[in-house]
Structure formats: C-alpha cells, structure tokens
$ cat data.txt   # compact mmCIF, C-alpha atoms and all ligand atoms
# COMPACT_ATOMS: atom_id res chain seq x y z
CA MET A 1 -34.10 -13.07 -4.41
CA ARG A 2 -34.10 -10.04 -6.67
CA ILE A 3 -32.41 -10.78 -9.98
CA VAL A 4 -30.57 -7.78 -11.37
CA LYS A 5 -28.63 -7.41 -14.57
CA LYS A 6 -24.94 -6.83 -14.03
CA LEU A 7 -23.95 -4.07 -16.39
CA VAL A 8 -20.86 -2.76 -18.08
CA ILE A 9 -20.48 0.93 -17.23
CA ALA A 10 -18.07 2.90 -19.42
CA ILE A 11 -16.41 6.03 -18.08
CA ASP A 12 -14.28 8.12 -20.42
CA GLY A 13 -12.78 11.57 -20.20
CA PRO A 14 -9.54 13.53 -20.17
CA ALA A 15 -6.75 13.18 -17.61
CA GLY A 16 -7.67 14.59 -14.23
CA SER A 17 -11.43 14.72 -14.82
CA GLY A 18 -12.05 12.52 -11.78
CA LYS A 19 -12.60 9.22 -13.61
CA SER A 20 -10.64 7.01 -11.21
CA SER A 21 -12.07 8.32 -7.95
CA THR A 22 -15.57 8.28 -9.43
CA ALA A 23 -15.26 4.81 -10.95
CA ARG A 24 -13.83 3.34 -7.76
CA LEU A 25 -16.64 4.69 -5.57
CA VAL A 26 -19.36 3.68 -8.04
CA ALA A 27 -17.89 0.17 -8.18
CA GLU A 28 -17.91 0.01 -4.39
CA ALA A 29 -21.52 1.21 -4.14
CA LEU A 30 -22.76 -1.28 -6.76
CA GLY A 31 -20.54 -4.21 -5.79
CA TYR A 32 -18.95 -4.10 -9.26
CA ARG A 33 -15.36 -4.66 -10.28
CA TYR A 34 -13.34 -1.66 -11.36
CA LEU A 35 -11.11 -1.78 -14.39
CA ASP A 36 -8.50 0.93 -14.90
CA THR A 37 -7.47 0.68 -18.56
CA GLY A 38 -5.00 3.59 -18.29
CA ALA A 39 -3.07 1.46 -15.81
CA MET A 40 -2.91 -1.29 -18.45
CA TYR A 41 -1.35 1.10 -21.00
CA ARG A 42 1.06 2.23 -18.31
CA ALA A 43 2.04 -1.38 -17.51
CA VAL A 44 2.79 -2.01 -21.20
CA ALA A 45 4.83 1.22 -21.31
CA LEU A 46 6.82 0.02 -18.28
CA LYS A 47 7.55 -3.30 -19.95
CA MET A 48 8.65 -1.61 -23.21
CA LEU A 49 10.87 0.78 -21.28
CA GLU A 50 12.44 -2.00 -19.20
CA GLN A 51 13.15 -4.06 -22.30
CA GLY A 52 14.38 -1.06 -24.29
CA VAL A 53 11.88 -1.78 -27.08
CA ASP A 54 12.15 0.60 -30.04
CA LEU A 55 8.62 1.92 -30.59
CA GLN A 56 9.29 2.25 -34.32
CA ASP A 57 10.01 -1.48 -34.54
CA SER A 58 6.67 -3.24 -34.89
CA LYS A 59 8.24 -6.73 -34.73
CA ALA A 60 9.91 -5.92 -31.41
CA ILE A 61 6.60 -4.57 -30.07
CA GLU A 62 4.75 -7.71 -31.11
CA GLU A 63 7.41 -9.86 -29.49
CA ALA A 64 7.27 -7.91 -26.22
CA LEU A 65 3.46 -8.17 -26.16
CA ARG A 66 3.60 -11.94 -26.58
CA ASP A 67 5.31 -12.06 -23.23
CA ILE A 68 2.97 -9.78 -21.27
CA ARG A 69 0.19 -10.63 -18.88
CA ILE A 70 -1.65 -7.85 -17.10
CA ASP A 71 -4.05 -8.44 -14.23
CA GLN A 72 -5.82 -6.37 -11.68
CA ASN A 73 -6.25 -7.48 -8.08
CA GLU A 74 -7.76 -5.98 -4.99
CA LYS A 75 -5.73 -6.03 -1.81
CA ASP A 76 -6.84 -4.36 1.43
CA GLY A 77 -9.45 -2.40 -0.54
CA GLN A 78 -6.80 -1.13 -2.97
CA VAL A 79 -6.55 -1.89 -6.67
CA ARG A 80 -3.19 -3.44 -7.52
CA ILE A 81 -1.82 -3.80 -11.05
CA LEU A 82 0.15 -6.92 -11.85
CA LEU A 83 2.55 -7.23 -14.77
CA ASN A 84 3.46 -10.88 -15.25
CA GLU A 85 2.41 -11.40 -11.63
CA LYS A 86 4.70 -8.66 -10.32
CA ASP A 87 2.99 -5.79 -8.50
CA VAL A 88 3.76 -2.62 -10.49
CA THR A 89 1.08 -0.35 -8.99
CA GLU A 90 3.57 2.30 -7.89
CA ALA A 91 6.13 1.75 -10.67
CA ILE A 92 3.62 2.73 -13.38
CA ARG A 93 2.87 6.14 -11.84
CA THR A 94 6.29 7.73 -12.24
CA PRO A 95 6.68 10.88 -14.40
CA GLU A 96 8.87 8.82 -16.76
CA ILE A 97 6.05 6.35 -17.44
CA SER A 98 3.57 9.23 -17.80
CA LEU A 99 5.77 10.49 -20.66
CA TRP A 100 6.34 7.07 -22.24
CA VAL A 101 2.73 5.98 -22.14
CA GLY A 102 1.73 8.60 -24.77
CA PRO A 103 3.61 7.05 -27.73
CA VAL A 104 2.95 3.51 -26.44
CA SER A 105 -0.83 4.09 -26.33
CA GLU A 106 -0.74 5.48 -29.88
CA ASN A 107 0.54 2.21 -31.25
CA PRO A 108 -2.25 0.25 -33.00
CA THR A 109 -0.75 -3.17 -32.13
CA VAL A 110 -0.65 -2.25 -28.45
CA ARG A 111 -4.23 -0.98 -28.62
CA GLU A 112 -5.50 -4.11 -30.33
CA PHE A 113 -3.79 -6.27 -27.72
CA LEU A 114 -5.17 -4.34 -24.75
CA VAL A 115 -8.67 -3.87 -26.13
CA ALA A 116 -8.97 -7.67 -26.51
CA ARG A 117 -7.78 -8.14 -22.91
CA GLN A 118 -10.20 -5.47 -21.63
CA ARG A 119 -13.15 -7.08 -23.43
CA GLU A 120 -12.17 -10.41 -21.93
CA MET A 121 -11.95 -8.94 -18.43
CA GLY A 122 -15.33 -7.18 -18.75
CA LYS A 123 -17.39 -9.69 -20.67
CA LYS A 124 -19.32 -11.04 -17.70
CA GLY A 125 -20.59 -7.56 -16.76
CA GLY A 126 -20.74 -6.16 -13.25
CA VAL A 127 -17.80 -3.98 -14.12
CA ILE A 128 -17.06 -0.30 -14.37
CA VAL A 129 -14.38 0.41 -16.94
CA GLU A 130 -12.55 3.73 -17.20
CA GLY A 131 -10.35 5.03 -19.99
CA ARG A 132 -10.45 7.10 -23.16
CA ASP A 133 -12.11 4.81 -25.72
CA ILE A 134 -14.33 2.58 -23.59
CA GLY A 135 -17.73 3.84 -24.77
CA THR A 136 -16.55 4.32 -28.35
CA VAL A 137 -14.36 1.26 -29.04
CA VAL A 138 -13.97 -1.25 -26.21
CA PHE A 139 -17.63 -1.55 -25.14
CA PRO A 140 -19.64 0.38 -27.74
CA ASP A 141 -22.80 -1.44 -26.55
CA ALA A 142 -22.34 -0.58 -22.87
CA PRO A 143 -25.78 0.33 -21.49
CA ILE A 144 -24.32 3.22 -19.48
CA LYS A 145 -21.68 5.53 -20.88
CA ILE A 146 -20.44 8.49 -18.94
CA TYR A 147 -18.12 11.19 -20.25
CA LEU A 148 -16.53 13.16 -17.43
CA THR A 149 -15.03 16.57 -18.05
CA ALA A 150 -13.79 19.45 -15.95
CA ASP A 151 -12.04 22.62 -16.94
CA LEU A 152 -8.27 22.54 -17.25
CA ASP A 153 -7.54 24.77 -14.22
CA GLU A 154 -9.72 22.64 -11.97
CA ARG A 155 -8.11 19.42 -13.25
CA ALA A 156 -4.65 20.87 -12.62
CA ARG A 157 -5.64 21.86 -9.07
CA ARG A 158 -6.91 18.32 -8.40
CA ARG A 159 -3.77 16.72 -9.84
CA VAL A 160 -1.53 18.94 -7.66
CA LYS A 161 -3.55 17.94 -4.60
CA ASP A 162 -3.20 14.24 -5.52
CA LEU A 163 0.54 14.65 -6.04
CA ASN A 164 0.88 16.48 -2.73
CA GLY A 165 -0.89 13.57 -1.09
CA GLN A 166 1.81 11.31 -2.54
CA GLY A 167 4.52 13.62 -1.17
CA VAL A 168 5.32 15.07 -4.62
CA ASP A 169 5.59 18.85 -4.94
CA GLN A 170 5.03 20.20 -8.47
CA PRO A 171 4.14 23.75 -9.53
CA GLU A 172 0.52 24.00 -10.67
CA GLU A 173 1.53 25.69 -13.93
CA ASP A 174 3.76 22.73 -14.90
CA VAL A 175 0.97 20.29 -14.11
CA ARG A 176 -1.48 22.42 -16.13
CA GLN A 177 0.81 22.42 -19.16
CA ALA A 178 1.43 18.68 -18.95
CA LEU A 179 -2.33 18.05 -18.79
CA ALA A 180 -2.97 20.34 -21.76
CA GLN A 181 -0.33 18.46 -23.77
CA ARG A 182 -1.83 15.13 -22.81
CA ASP A 183 -5.34 16.33 -23.79
CA GLU A 184 -4.01 17.40 -27.17
CA ARG A 185 -2.16 14.15 -27.71
CA ASP A 186 -5.03 11.90 -26.53
CA SER A 187 -7.65 13.67 -28.63
CA THR A 188 -5.74 14.09 -31.87
CA ARG A 189 -4.04 10.69 -32.19
CA GLU A 190 -4.90 8.57 -35.19
CA HIS A 191 -6.11 5.42 -33.41
CA SER A 192 -9.04 5.53 -30.98
CA PRO A 193 -8.63 9.16 -29.93
CA LEU A 194 -10.34 10.41 -26.80
CA SER A 195 -13.85 11.36 -27.86
CA CYS A 196 -17.30 11.44 -26.38
CA ALA A 197 -19.61 8.65 -27.59
CA VAL A 198 -22.79 10.06 -29.15
CA ASP A 199 -24.90 8.21 -26.59
CA ALA A 200 -22.78 9.15 -23.55
CA ILE A 201 -24.06 11.24 -20.67
CA VAL A 202 -21.74 14.18 -20.20
CA LEU A 203 -21.00 15.16 -16.61
CA ASP A 204 -19.02 18.35 -16.14
CA THR A 205 -17.42 17.88 -12.75
CA THR A 206 -15.89 21.37 -12.45
CA GLU A 207 -18.59 22.38 -10.01
CA LEU A 208 -19.81 18.94 -8.96
CA ALA A 209 -18.71 17.31 -5.71
CA LEU A 210 -17.39 13.76 -6.06
CA LYS A 211 -20.30 12.49 -3.97
CA GLN A 212 -22.83 14.04 -6.34
CA GLN A 213 -21.32 12.55 -9.48
CA VAL A 214 -21.08 9.13 -7.84
CA GLU A 215 -24.72 9.30 -6.74
CA LYS A 216 -25.85 10.24 -10.24
CA ILE A 217 -24.11 7.27 -11.85
CA VAL A 218 -25.21 4.82 -9.14
CA ALA A 219 -28.83 5.95 -9.57
CA LEU A 220 -28.59 5.47 -13.35
CA ALA A 221 -27.14 2.01 -12.88
CA ARG A 222 -29.79 0.93 -10.36
CA GLU A 223 -32.45 1.98 -12.84
CA ARG A 224 -30.86 0.06 -15.71
CA GLU A 225 -30.17 -3.00 -13.56
CA LYS A 226 -33.89 -3.61 -13.02
CA PRO A 227 -35.27 -6.37 -15.21
CA LYS A 228 -37.56 -4.94 -17.89
CA LYS A 229 -41.25 -5.39 -17.09
CA THR A 230 -43.02 -7.71 -19.48
CA LYS A 231 -46.72 -7.19 -20.37
CA LYS A 232 -47.62 -10.07 -18.06
CA ASN A 233 -46.10 -8.66 -14.86
CA SER A 234 -46.56 -4.97 -15.58
O1 LIG B 301 -5.71 7.44 -17.33
P1 LIG B 301 -4.18 7.45 -17.36
O2 LIG B 301 -3.60 8.82 -17.26
O3 LIG B 301 -3.57 6.50 -16.38
O4 LIG B 301 -3.83 6.90 -18.83
C1 LIG B 301 -2.50 6.73 -19.25
C2 LIG B 301 -2.40 6.95 -20.75
O5 LIG B 301 -3.02 5.87 -21.45
C3 LIG B 301 -3.01 8.24 -21.28
O6 LIG B 301 -2.01 8.98 -21.97
C4 LIG B 301 -4.06 7.84 -22.25
C5 LIG B 301 -3.84 6.37 -22.47
N1 LIG B 301 -5.09 5.62 -22.48
C6 LIG B 301 -5.63 5.29 -23.68
O7 LIG B 301 -5.08 5.66 -24.72
N2 LIG B 301 -6.76 4.55 -23.74
C7 LIG B 301 -7.37 4.14 -22.61
N3 LIG B 301 -8.48 3.39 -22.69
C8 LIG B 301 -6.83 4.49 -21.35
C9 LIG B 301 -5.69 5.26 -21.31
$ encode --input "data.txt" --output "structure tokens" --more "lines below"
Ligand code: DC
Amino acid sequence: MRIVKKLVIAIDGPAGSGKSSTARLVAEALGYRYLDTGAMYRAVALKMLEQGVDLQDSKAIEEALRDIRIDQNEKDGQVRILLNEKDVTEAIRTPEISLWVGPVSENPTVREFLVARQREMGKKGGVIVEGRDIGTVVFPDAPIKIYLTADLDERARRRVKDLNGQGVDQPEEDVRQALAQRDERDSTREHSPLSCAVDAIVLDTTELALKQQVEKIVALAREREKPKKTKKNS
C-alpha cells in the first residue's frame, strides 16, 4: 500500500474568484474533505441576527457564541452546513446574511472562536480549506497555499450566472458594486484582512478554465503528498 501524507491545502481569495467550485472539485479528486469557512461566518451571522445580538455588545456576542455549534456534513454529494444540528445551508445565502456577515466577520471574538473551530476541524489533514485568512492565520504552516484572483468584471459575471442558476435575477452592475464593496471591506478590516500569504501560489482565474485550475492544484498536491525520499531509498 502506498502511504501518502494527507495535507492541509489553503485556498484564499476575494469573493467570486472561484474558490468554492475549485476547492470542492480538488477535494473530490484527492478524496479530501472540504471546509468552507465563509459558510461558518455566515452561520454565526444568522445566529446573531436571529437572536437580535447587538454587535457593539461584546458580552452579548460572547454569550451567543457559547451556545453555537457549527458542523459541516456531506449529503448526496452536497456540502450541508449545520448550526446547532439544524441545516442552514440555504438560510445563510440570503442577501440579508451577505450584508450582516461583513460586520460579524470583523469582530475579533467571533474570529477567535471560528479560527479555533477551523483548526480543530482541519488538524488531521486531508482537508482543503477555503476562506480569506487560511494561509495567513488559520493554517500558516499549510504545505500548499493558493491565492485565487480574477478581475472584478469576470467575478461579477460569474456571480450573476450563479444567481441565475438559483433563480435569482440581479443586474450585473449591482452585483459588481456589491463585490467591490466586499473586497474593500474584507481587505481593509483591522483583524485578519484578506491578504495573500508570502508563500502562496497566485492563480489568476480570469482566463483560466475551472478544469485547468483544479488540475494545477491537484498536481501540486500529488507531488507534495509523496513521502520524501531518504538517502537510503533514493
Ligand atoms: O466566502 P463567503 O462570501 O461565503 O464569506 C462570507 C464572509 O465571511 C465574507 O464577507 C468574508 C468573511 N470571511 C472571513 O472573514 N474569513 C474567512 N476565512 C472566510 C470568510
């Protein structure tokens, strides 16, 4: 039997750069788990919204977090997000949550809580983790770090296509503006802003087909999974 190392692969990048589709397909090809950390921030935002937590009130935030458990399951080949065992996969994708998640993800207590949970979920390796601070903060020692980018117009086009697929019709210009605002917010916030790790491989996906970017990352992983040759068996 061939023994391979099961790695942690970090994928970061701005909204709409193709992180989720890429990470999912890479996970499938390698037989890894896929961890969507954005979904975890969204689940916390949903909980705060449902409980009417004042985001200026750090005690109330701490209290709400004490009562939160977030898990990720796979059902019929689909990733499902569970908040205290309730399936919230669809509920966390509403435009309201997309607005709320910004201030929630800026909160240092929320970040500390989720980063600890993400490290716990990824510690055994064999996992591909996507987000904004994975290669810089959550898994700074990940052996493979990818930073995906694509130009704003292309990201807006992709987002509109995704939304259309979900039966939602939104003008491309509105989507473009919302993405630009999110980029600004994610990259300028005080705690763990979106940034490219110095040792990350940057993949600009504007002109790359999904298949190509997946193949590149899978090839990198296969190479790094091989046990290092010792002098004796080289
Ligand atoms: O990837 P997404 O759009 O589902 O992420 C939702 C929000 O969570 C987004 O505004 C950025 C934030 N986020 C974060 O701050 N850190 C992460 N590791 C993942 C997402």
$ residues_near_ligand --input "data.txt" --ligand "ligand LIG 301 (chain B)" --cutoff "9 Å" --atoms "all atoms listed in the file" --output "PyMOL selection string"
chain A and resi 12-16+19-20+36-42+92-93+97-106+111+114-115+129-134+137-138+182-183+185-186+191-194
$ residues_around --input "data.txt" --residues "region 156-159 of chain A" --least-positions-apart "4" --cutoff "12 Å" --atoms "only C-alpha atoms" --output "NGL selection string"
:A and (14-21 or 150-152 or 163-166 or 168-180 or 205-206 or 210)
$ residues_around --input "data.txt" --residues "region 217-229 of chain A" --least-positions-apart "3" --cutoff "9 Å" --atoms "only C-alpha atoms" --output "list in words"
Ile3, Val4, Lys5, Lys6, Leu7, Ile9, Thr22, Val26, Ala27, Ala29, Leu30, Pro143, Ile144, Ile146, Gln212, Gln213, Val214, Lys232, Asn233 and Ser234 of chain A
$ atom_distance --input "data.txt" --atom1 "CA of Lys75 (chain A)" --atom2 "CA of Val110 (chain A)"
27.4 Å
$ atom_distance --input "data.txt" --atom1 "CA of Tyr147 (chain A)" --atom2 "CA of Val198 (chain A)"
10.1 Å
$ atom_distance --input "data.txt" --atom1 "CA of Ile70 (chain A)" --atom2 "CA of Ala10 (chain A)"
19.8 Å
$ closest_residue --input "data.txt" --among "A:Ser58, A:Ser195, A:Asn84, A:Gln72" --to "Gly135 (chain A)" --atoms "all atoms listed in the file"
A:Ser195
$ residues_around --input "data.txt" --residues "Phe113 (chain A)" --least-positions-apart "3" --cutoff "12 Å" --atoms "only C-alpha atoms" --output "ChimeraX atom specification"
/A:40-41,44,61-70,104-105,107-110,116-120,138
$ residues_around --input "data.txt" --residues "Asp71 (chain A)" --least-positions-apart "6" --cutoff "8 Å" --atoms "all atoms listed in the file" --output "PyMOL selection string"
chain A and resi 81-85
$ closest_residue --input "data.txt" --among "A:Lys145, A:Asp76, A:Ala23, A:Phe139" --to "Glu215 (chain A)" --atoms "all atoms listed in the file"
A:Ala23
$ build_atoms --input "data.txt" --residues "region 112-123 of chain A" --atoms "all heavy atoms" --output "short mmCIF file (atom, residue, chain, number, x, y, z; two decimals), keeping the file's coordinate frame"
data_model
loop_
_atom_site.label_atom_id
_atom_site.label_comp_id
_atom_site.auth_asym_id
_atom_site.auth_seq_id
_atom_site.Cartn_x
_atom_site.Cartn_y
_atom_site.Cartn_z
N GLU A 112 -4.75 -2.90 -29.99
CA GLU A 112 -5.50 -4.11 -30.33
C GLU A 112 -5.33 -5.16 -29.23
O GLU A 112 -6.29 -5.79 -28.79
CB GLU A 112 -4.95 -4.65 -31.65
CG GLU A 112 -5.88 -5.58 -32.36
CD GLU A 112 -5.23 -6.10 -33.63
OE1 GLU A 112 -4.61 -5.30 -34.37
OE2 GLU A 112 -5.30 -7.31 -33.84
N PHE A 113 -4.11 -5.30 -28.77
CA PHE A 113 -3.79 -6.27 -27.72
C PHE A 113 -4.56 -5.95 -26.43
O PHE A 113 -5.20 -6.83 -25.83
CB PHE A 113 -2.27 -6.24 -27.48
CG PHE A 113 -1.81 -7.02 -26.28
CD1 PHE A 113 -1.62 -8.39 -26.35
CD2 PHE A 113 -1.56 -6.38 -25.06
CE1 PHE A 113 -1.18 -9.11 -25.25
CE2 PHE A 113 -1.13 -7.09 -23.95
CZ PHE A 113 -0.94 -8.46 -24.05
N LEU A 114 -4.53 -4.68 -26.03
CA LEU A 114 -5.17 -4.34 -24.75
C LEU A 114 -6.68 -4.32 -24.85
O LEU A 114 -7.38 -4.71 -23.90
CB LEU A 114 -4.64 -2.99 -24.24
CG LEU A 114 -3.24 -3.05 -23.64
CD1 LEU A 114 -2.81 -1.69 -23.10
CD2 LEU A 114 -3.15 -4.08 -22.50
N VAL A 115 -7.21 -3.89 -25.98
CA VAL A 115 -8.67 -3.87 -26.13
C VAL A 115 -9.22 -5.29 -26.00
O VAL A 115 -10.22 -5.54 -25.32
CB VAL A 115 -9.08 -3.21 -27.48
CG1 VAL A 115 -10.56 -3.46 -27.77
CG2 VAL A 115 -8.82 -1.71 -27.43
N ALA A 116 -8.53 -6.27 -26.61
CA ALA A 116 -8.97 -7.67 -26.51
C ALA A 116 -8.96 -8.12 -25.05
O ALA A 116 -9.89 -8.76 -24.57
CB ALA A 116 -8.06 -8.56 -27.35
N ARG A 117 -7.90 -7.76 -24.33
CA ARG A 117 -7.78 -8.14 -22.91
C ARG A 117 -8.89 -7.47 -22.07
O ARG A 117 -9.48 -8.07 -21.19
CB ARG A 117 -6.38 -7.75 -22.42
CG ARG A 117 -6.08 -8.11 -20.99
CD ARG A 117 -5.64 -9.55 -20.82
NE ARG A 117 -5.53 -9.92 -19.42
CZ ARG A 117 -6.41 -10.69 -18.77
NH1 ARG A 117 -7.44 -11.21 -19.40
NH2 ARG A 117 -6.24 -10.97 -17.49
N GLN A 118 -9.16 -6.20 -22.39
CA GLN A 118 -10.20 -5.47 -21.63
C GLN A 118 -11.58 -6.09 -21.87
O GLN A 118 -12.37 -6.23 -20.95
CB GLN A 118 -10.19 -3.98 -22.06
CG GLN A 118 -8.96 -3.25 -21.56
CD GLN A 118 -8.58 -2.04 -22.39
OE1 GLN A 118 -9.36 -1.57 -23.22
NE2 GLN A 118 -7.39 -1.53 -22.19
N ARG A 119 -11.85 -6.46 -23.13
CA ARG A 119 -13.15 -7.08 -23.43
C ARG A 119 -13.28 -8.40 -22.68
O ARG A 119 -14.34 -8.72 -22.13
CB ARG A 119 -13.29 -7.31 -24.93
CG ARG A 119 -13.51 -6.00 -25.66
CD ARG A 119 -13.76 -6.24 -27.13
NE ARG A 119 -13.99 -4.97 -27.80
CZ ARG A 119 -13.63 -4.69 -29.04
NH1 ARG A 119 -13.02 -5.61 -29.77
NH2 ARG A 119 -13.87 -3.51 -29.55
N GLU A 120 -12.19 -9.14 -22.64
CA GLU A 120 -12.17 -10.41 -21.93
C GLU A 120 -12.47 -10.18 -20.44
O GLU A 120 -13.28 -10.89 -19.83
CB GLU A 120 -10.76 -11.02 -22.14
CG GLU A 120 -10.47 -12.33 -21.45
CD GLU A 120 -11.32 -13.47 -21.99
OE1 GLU A 120 -11.67 -13.40 -23.18
OE2 GLU A 120 -11.63 -14.37 -21.20
N MET A 121 -11.80 -9.19 -19.86
CA MET A 121 -11.95 -8.94 -18.43
C MET A 121 -13.35 -8.41 -18.08
O MET A 121 -13.80 -8.55 -16.95
CB MET A 121 -10.87 -7.95 -17.94
CG MET A 121 -9.47 -8.56 -17.92
SD MET A 121 -8.17 -7.31 -17.77
CE MET A 121 -7.89 -7.27 -16.01
N GLY A 122 -14.03 -7.80 -19.06
CA GLY A 122 -15.33 -7.18 -18.75
C GLY A 122 -16.53 -7.95 -19.26
O GLY A 122 -17.67 -7.54 -19.03
N LYS A 123 -16.28 -9.07 -19.92
CA LYS A 123 -17.39 -9.69 -20.67
C LYS A 123 -18.54 -10.21 -19.80
O LYS A 123 -19.66 -10.30 -20.28
CB LYS A 123 -16.86 -10.78 -21.61
CG LYS A 123 -16.35 -12.02 -20.91
CD LYS A 123 -15.89 -13.04 -21.91
CE LYS A 123 -15.41 -14.27 -21.17
NZ LYS A 123 -14.55 -15.12 -21.95
#
